[in-house]
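Q: Below you will find the structure I want to go over with you.
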Amino acid sequence: MRKNFAVIGDPIEHSMSPIMHNDLFQFYGLDAEMKKIHIKKDFLQSGLSELRDMNMAGFNVTVPHKQAIIPFLDELDPLSKAIGAVNTVVCENGRWIGYNTDGEGYLKGLLKQLPDIKQRRTLIIGSGGAARGIYFTLAHYGVEQVDICNRTISKAKALKEACPYPVKTNIMEIALAEKTLGEYGLIIQTTSIGMSPKIDASPIQMSNVMEGAFVSDIIYNPLETKILKDAKAKGAITQNGIDMFVYQGALAFEKWQGVFPDTTRMRQNVLTQLG
Ligand code: ATR
C-alpha cells in the first residue's frame, strides 16, 4: 500500500522537501509520495484533524508550526522536548511521534566537514528557533564552550538558561563579539539576515575572524551569504546551509523508512533545484 507523507507549513510553496523525498522514494523503489499541505497559521488544529483522516505515514513540519504542533502529538522524543520544537513526525498505528532533526541534521553536516568540534571555541550568532535547536544539540553532543551573541541580549540569556545540557556559555552584544571574533574556531550564523532577496546584509562584521576558523551559515539561498564572503576573504573556511537542509531531511527519511539515504544524491538534487 502506498505510504503518504507531507510537509505542512504557511507558506509552503517554497518547500523543497517533496522534491528531495520523492526522488529518494523513487531511487529506493518505495511506493510512497510526499505532498505539500498548506495549513494556515491560525488553522493548525483543523488542518491536523484533516491530516489524521488522510492516513499519513509521516510528515515534516515547517514555519510557523514547529512549536505549536507539540500539544497535538502523542509522544515526543527527549531532544525535541528540550528544544521545544518538532520538524518531523512519525505516524505509527495512529500514534504521532515528534522529533527534531534540524539540530541533529546541522550537527551531522558540520561533523562531515569538521570532525573535531568538541574543543573548538564556538560562537552562535542569533537566538531564535534555529539557534535554540543548534545550541542544545551542540551542548548535548559535548562541545565545551558555546558563546552566544544576539541583538536582543535577553533572548540569548533565555536560551542559556533553558539549555538542559552542561556547556560553558558567555552571552554578549554583537559589537563585543565583533571585537573578540578572533578567539573562535567555529562561528555559526543562525539569523535570517543575508537571506535572499536582502543578500547584501550581514548580522556581524567579520574583520577580526581568525584565518582557518570555520564559519557556517544556515542560509542556503543565496548559496554564499555576505558573512561567508567576508569570512572567506579573511582566510576562513566556510559552509552554507545546504548540508543542514540535506541532513535534516536524511534523518527524517531514516525515521520513516529505516534506511539512511544517499546524501550526495540529495545534495545534488537540491543544488539543481536552486539553479
Ligand atoms: P528562527 O526561528 O528562524 O530562528 P526567529 O525566532 O525570528 O527566527 O529569530 C531570528 C533571529 O534573527 C534572532 O536572533 C533575531 O534577533 P533578535 O532576537 O534580536 O530579534 C535575529 N534578527 C532578525 N532580524 C535582525 C536584524 N535586523 N538585526 C539583528 N538581528 C536580527
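Residues in the C-alpha cells are numbered from 1 in each chain, the chains being A, B, ... in the order shown, and ligands are numbered from 1 in the order shown.
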Can you list every residue of chain A that has an atom at most 6 Å from ligand 1, with its nearest atom pair and the distance in Å to one decimal, using only C-alpha atoms and all ligand atoms, ordered by chain then number, as CSV?

A:
```
residue,atom,partner,partner_atom_place_in_ligand_line,distance
A:Gly126,CA,ligand 1,14 (O),3.3
A:Ser127,CA,ligand 1,14 (O),3.8
A:Gly128,CA,ligand 1,6 (O),3.3
A:Gly129,CA,ligand 1,2 (O),3.4
A:Ala130,CA,ligand 1,4 (O),3.9
A:Ala131,CA,ligand 1,4 (O),5.8
A:Asn150,CA,ligand 1,14 (O),5.6
A:Arg151,CA,ligand 1,19 (O),3.9
A:Thr152,CA,ligand 1,19 (O),3.8
A:Lys155,CA,ligand 1,18 (O),5.6
A:Thr191,CA,ligand 1,12 (O),3.7
A:Ser192,CA,ligand 1,12 (O),5.5
A:Pro203,CA,ligand 1,29 (C),5.5
```

Q: For those residues, write N, CA and C atoms to a file as a CSV table (one decimal), in the first residue's frame.

A:
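The file below, out_26.csv, is the result:
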```csv
chain,number,residue,atom,x,y,z
A,126,GLY,N,22.7,34.9,16.9
A,126,GLY,CA,21.3,34.7,16.9
A,126,GLY,C,20.7,33.9,18.1
A,127,SER,N,19.5,34.1,18.3
A,127,SER,CA,18.8,33.4,19.5
A,127,SER,C,17.4,33.0,19.2
A,128,GLY,N,17.1,32.8,17.9
A,128,GLY,CA,15.7,32.4,17.5
A,128,GLY,C,15.6,30.9,17.6
A,129,GLY,N,14.6,30.4,16.9
A,129,GLY,CA,14.3,28.9,17.0
A,129,GLY,C,15.4,28.1,16.4
A,130,ALA,N,16.0,28.5,15.3
A,130,ALA,CA,17.1,27.7,14.7
A,130,ALA,C,18.3,27.7,15.7
A,131,ALA,N,18.6,28.8,16.3
A,131,ALA,CA,19.8,28.9,17.2
A,131,ALA,C,19.5,27.9,18.4
A,150,ASN,N,23.7,38.2,20.3
A,150,ASN,CA,22.4,38.5,19.7
A,150,ASN,C,22.1,39.9,19.9
A,151,ARG,N,21.3,40.5,18.9
A,151,ARG,CA,20.8,41.8,19.0
A,151,ARG,C,20.1,42.1,20.3
A,152,THR,N,19.2,41.1,20.7
A,152,THR,CA,18.5,41.2,22.0
A,152,THR,C,19.1,40.3,23.0
A,155,LYS,N,17.1,37.6,25.0
A,155,LYS,CA,16.8,36.3,24.3
A,155,LYS,C,17.9,35.3,24.4
A,191,THR,N,20.7,33.6,12.1
A,191,THR,CA,19.7,34.6,11.8
A,191,THR,C,19.2,34.5,10.4
A,192,SER,N,18.2,35.2,10.1
A,192,SER,CA,17.7,35.2,8.7
A,192,SER,C,18.4,36.4,7.9
A,203,PRO,N,24.7,40.1,9.8
A,203,PRO,CA,24.5,40.5,11.2
A,203,PRO,C,25.7,40.9,11.9
```

Q: Can you pull out the residues contacting Leu24 of chain A? Cut-off 10 Å, using only C-alpha atoms, and skip same-chain residues under 6 positions away; I want them as an MDAnalysis selection string.

A: chainID A and resid 18 30 32:33 250 253 261:263 265:266 269

Q: Find the residues around segment 64-67 of chain A up to 8 Å (only C-alpha atoms counted), leave out those fewer than 5 positions away in its own chain, and share them as a short mmCIF file (atom, residue, chain, number, x, y, z; two decimals) with N, CA and C atoms, in the first residue's frame.

A:
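Just written: out11.cif:
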```
data_model
loop_
_atom_site.label_atom_id
_atom_site.label_comp_id
_atom_site.auth_asym_id
_atom_site.auth_seq_id
_atom_site.Cartn_x
_atom_site.Cartn_y
_atom_site.Cartn_z
N GLY A 9 3.05 23.69 6.44
CA GLY A 9 3.59 24.99 6.81
C GLY A 9 2.75 26.10 6.21
N ASP A 10 3.16 27.33 6.49
CA ASP A 10 2.47 28.52 5.96
C ASP A 10 3.48 29.67 5.90
N LYS A 41 -1.55 29.55 9.54
CA LYS A 41 -1.08 29.77 10.91
C LYS A 41 -2.16 29.53 11.98
N LEU A 44 -4.20 25.44 12.62
CA LEU A 44 -3.41 24.23 12.81
C LEU A 44 -4.27 23.06 13.27
N GLY A 84 11.89 22.15 22.29
CA GLY A 84 10.56 22.75 22.26
C GLY A 84 10.07 22.97 20.84
N ALA A 85 10.59 22.19 19.90
CA ALA A 85 10.15 22.32 18.51
C ALA A 85 10.29 20.97 17.81
N VAL A 86 9.38 20.76 16.86
CA VAL A 86 9.33 19.48 16.13
C VAL A 86 9.33 19.78 14.63
N ASN A 87 10.17 19.08 13.87
CA ASN A 87 10.12 19.25 12.42
C ASN A 87 9.79 17.95 11.69
#
```

Q: Can you tell me, as a ChimeraX atom specification, what residues are no more than 8 Å from Leu107 of chain A when counting only C-alpha atoms, ignoring any on the same chain fewer than 4 positions away?

A: /A:103,111,134,137-138,244

Q: Can you pull out every residue from segment 41-126 of chain A that DSSP, working from the backbone, puts in strand (DSSP E or B), and format the result as an MDAnalysis selection string?

A: chainID A and resid 56:61 75:76 88:92 95:99 122:125

Q: Find the spatial neighbours of segment 204-211 of chain A, counting only C-alpha atoms, within a cut-off of 12 Å - ignore same-chain residues fewer than 6 positions away - and output them as a PyMOL selection string.

A: chain A and resi 121+123-126+149-151+173-191+193-194+225-238

Q: Residues within 9 Å of Gly47 of chain A, please, as a ChimeraX atom specification. Count only C-alpha atoms; anything in the same chain fewer than 6 positions from it doesn't count.

A: /A:37-40

Q: Would you mind exporting the chosen residues as a PDB file, in the first residue's frame, restricted to N, CA and C atoms?

A:
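Output contents, as saved in result28.pdb:
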```pdb
ATOM      1  N   ILE A  37       1.318  20.442   2.041  1.00  0.00           N
ATOM      2  CA  ILE A  37      -0.030  20.763   2.517  1.00  0.00           C
ATOM      3  C   ILE A  37       0.018  22.102   3.248  1.00  0.00           C
ATOM      4  N   HIS A  38      -0.759  23.034   2.712  1.00  0.00           N
ATOM      5  CA  HIS A  38      -0.771  24.378   3.282  1.00  0.00           C
ATOM      6  C   HIS A  38      -1.731  24.418   4.472  1.00  0.00           C
ATOM      7  N   ILE A  39      -1.173  24.556   5.662  1.00  0.00           N
ATOM      8  CA  ILE A  39      -2.037  24.735   6.846  1.00  0.00           C
ATOM      9  C   ILE A  39      -1.747  26.133   7.383  1.00  0.00           C
ATOM     10  N   LYS A  40      -2.759  26.983   7.327  1.00  0.00           N
ATOM     11  CA  LYS A  40      -2.558  28.379   7.717  1.00  0.00           C
ATOM     12  C   LYS A  40      -2.291  28.495   9.204  1.00  0.00           C
TER      13      LYS A  40
END
```

Q: Go through A:Gly58, A:Gly212, A:Pro222, A:Pro78 and flag the residue nearest Glu92 of chain A, using only C-alpha atoms for the distances.

A: A:Gly58

Q: Provide the atom CA of Gln45 of chain A to atom CA of Ala252 of chain A distance in Å, to one decimal place.

A: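 Rounded to one decimal, the two atoms are 22.8 Å apart.
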
Q: Step one, run DSSP on the backbone; step two, keep only residues of segment 57-178 of chain A assigned to helix (DSSP H, G or I); then write them as number ranges by chain.

A: A: 70-72, 78-83, 102-113, 129-141, 153-162, 174-178

Q: Could you dump the residues just selected with C-alpha atoms as a PDB file, in the first residue's frame?

A:
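selection_25.pdb, written as the output of this step:
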```
ATOM      1  CA  ILE A  70       3.562  19.842  20.209  1.00  0.00           C
ATOM      2  CA  PRO A  71       0.219  19.614  22.113  1.00  0.00           C
ATOM      3  CA  PHE A  72      -1.251  17.622  19.207  1.00  0.00           C
ATOM      4  CA  PRO A  78      13.679  13.906  24.594  1.00  0.00           C
ATOM      5  CA  LEU A  79      15.819  16.237  22.443  1.00  0.00           C
ATOM      6  CA  SER A  80      12.830  17.732  20.619  1.00  0.00           C
ATOM      7  CA  LYS A  81      11.134  18.127  24.005  1.00  0.00           C
ATOM      8  CA  ALA A  82      14.124  20.067  25.325  1.00  0.00           C
ATOM      9  CA  ILE A  83      14.318  22.177  22.149  1.00  0.00           C
ATOM     10  CA  ASP A 102      17.097  20.264  12.487  1.00  0.00           C
ATOM     11  CA  GLY A 103      19.727  20.482  15.231  1.00  0.00           C
ATOM     12  CA  GLU A 104      20.967  16.929  14.672  1.00  0.00           C
ATOM     13  CA  GLY A 105      20.973  17.494  10.909  1.00  0.00           C
ATOM     14  CA  TYR A 106      23.051  20.611  11.440  1.00  0.00           C
ATOM     15  CA  LEU A 107      25.482  18.665  13.639  1.00  0.00           C
ATOM     16  CA  LYS A 108      25.840  15.788  11.159  1.00  0.00           C
ATOM     17  CA  GLY A 109      26.522  18.211   8.293  1.00  0.00           C
ATOM     18  CA  LEU A 110      29.061  20.038  10.430  1.00  0.00           C
ATOM     19  CA  LEU A 111      30.879  16.890  11.577  1.00  0.00           C
ATOM     20  CA  LYS A 112      31.256  15.806   7.979  1.00  0.00           C
ATOM     21  CA  GLN A 113      33.400  18.909   7.339  1.00  0.00           C
ATOM     22  CA  GLY A 129      14.274  28.921  16.974  1.00  0.00           C
ATOM     23  CA  ALA A 130      17.100  27.746  14.732  1.00  0.00           C
ATOM     24  CA  ALA A 131      19.756  28.906  17.226  1.00  0.00           C
ATOM     25  CA  ARG A 132      17.961  27.039  20.003  1.00  0.00           C
ATOM     26  CA  GLY A 133      17.994  23.728  18.131  1.00  0.00           C
ATOM     27  CA  ILE A 134      21.670  24.082  17.227  1.00  0.00           C
ATOM     28  CA  TYR A 135      22.800  25.307  20.676  1.00  0.00           C
ATOM     29  CA  PHE A 136      21.063  22.494  22.571  1.00  0.00           C
ATOM     30  CA  THR A 137      22.319  19.888  20.093  1.00  0.00           C
ATOM     31  CA  LEU A 138      25.933  21.095  20.359  1.00  0.00           C
ATOM     32  CA  ALA A 139      25.675  21.119  24.174  1.00  0.00           C
ATOM     33  CA  HIS A 140      24.136  17.628  24.121  1.00  0.00           C
ATOM     34  CA  TYR A 141      26.962  16.425  21.852  1.00  0.00           C
ATOM     35  CA  ILE A 153      20.560  40.105  24.935  1.00  0.00           C
ATOM     36  CA  SER A 154      17.558  38.913  26.977  1.00  0.00           C
ATOM     37  CA  LYS A 155      16.756  36.316  24.297  1.00  0.00           C
ATOM     38  CA  ALA A 156      20.309  34.972  24.352  1.00  0.00           C
ATOM     39  CA  LYS A 157      20.182  34.757  28.159  1.00  0.00           C
ATOM     40  CA  ALA A 158      16.876  32.893  27.998  1.00  0.00           C
ATOM     41  CA  LEU A 159      18.473  30.388  25.622  1.00  0.00           C
ATOM     42  CA  LYS A 160      21.360  29.779  28.010  1.00  0.00           C
ATOM     43  CA  GLU A 161      19.028  29.337  30.985  1.00  0.00           C
ATOM     44  CA  ALA A 162      16.783  26.908  29.115  1.00  0.00           C
ATOM     45  CA  ILE A 174      27.136  41.763  18.690  1.00  0.00           C
ATOM     46  CA  ALA A 175      29.592  44.697  18.994  1.00  0.00           C
ATOM     47  CA  LEU A 176      31.647  42.785  21.599  1.00  0.00           C
ATOM     48  CA  ALA A 177      31.567  39.616  19.513  1.00  0.00           C
ATOM     49  CA  GLU A 178      32.982  41.596  16.576  1.00  0.00           C
TER      50      GLU A 178
END
```
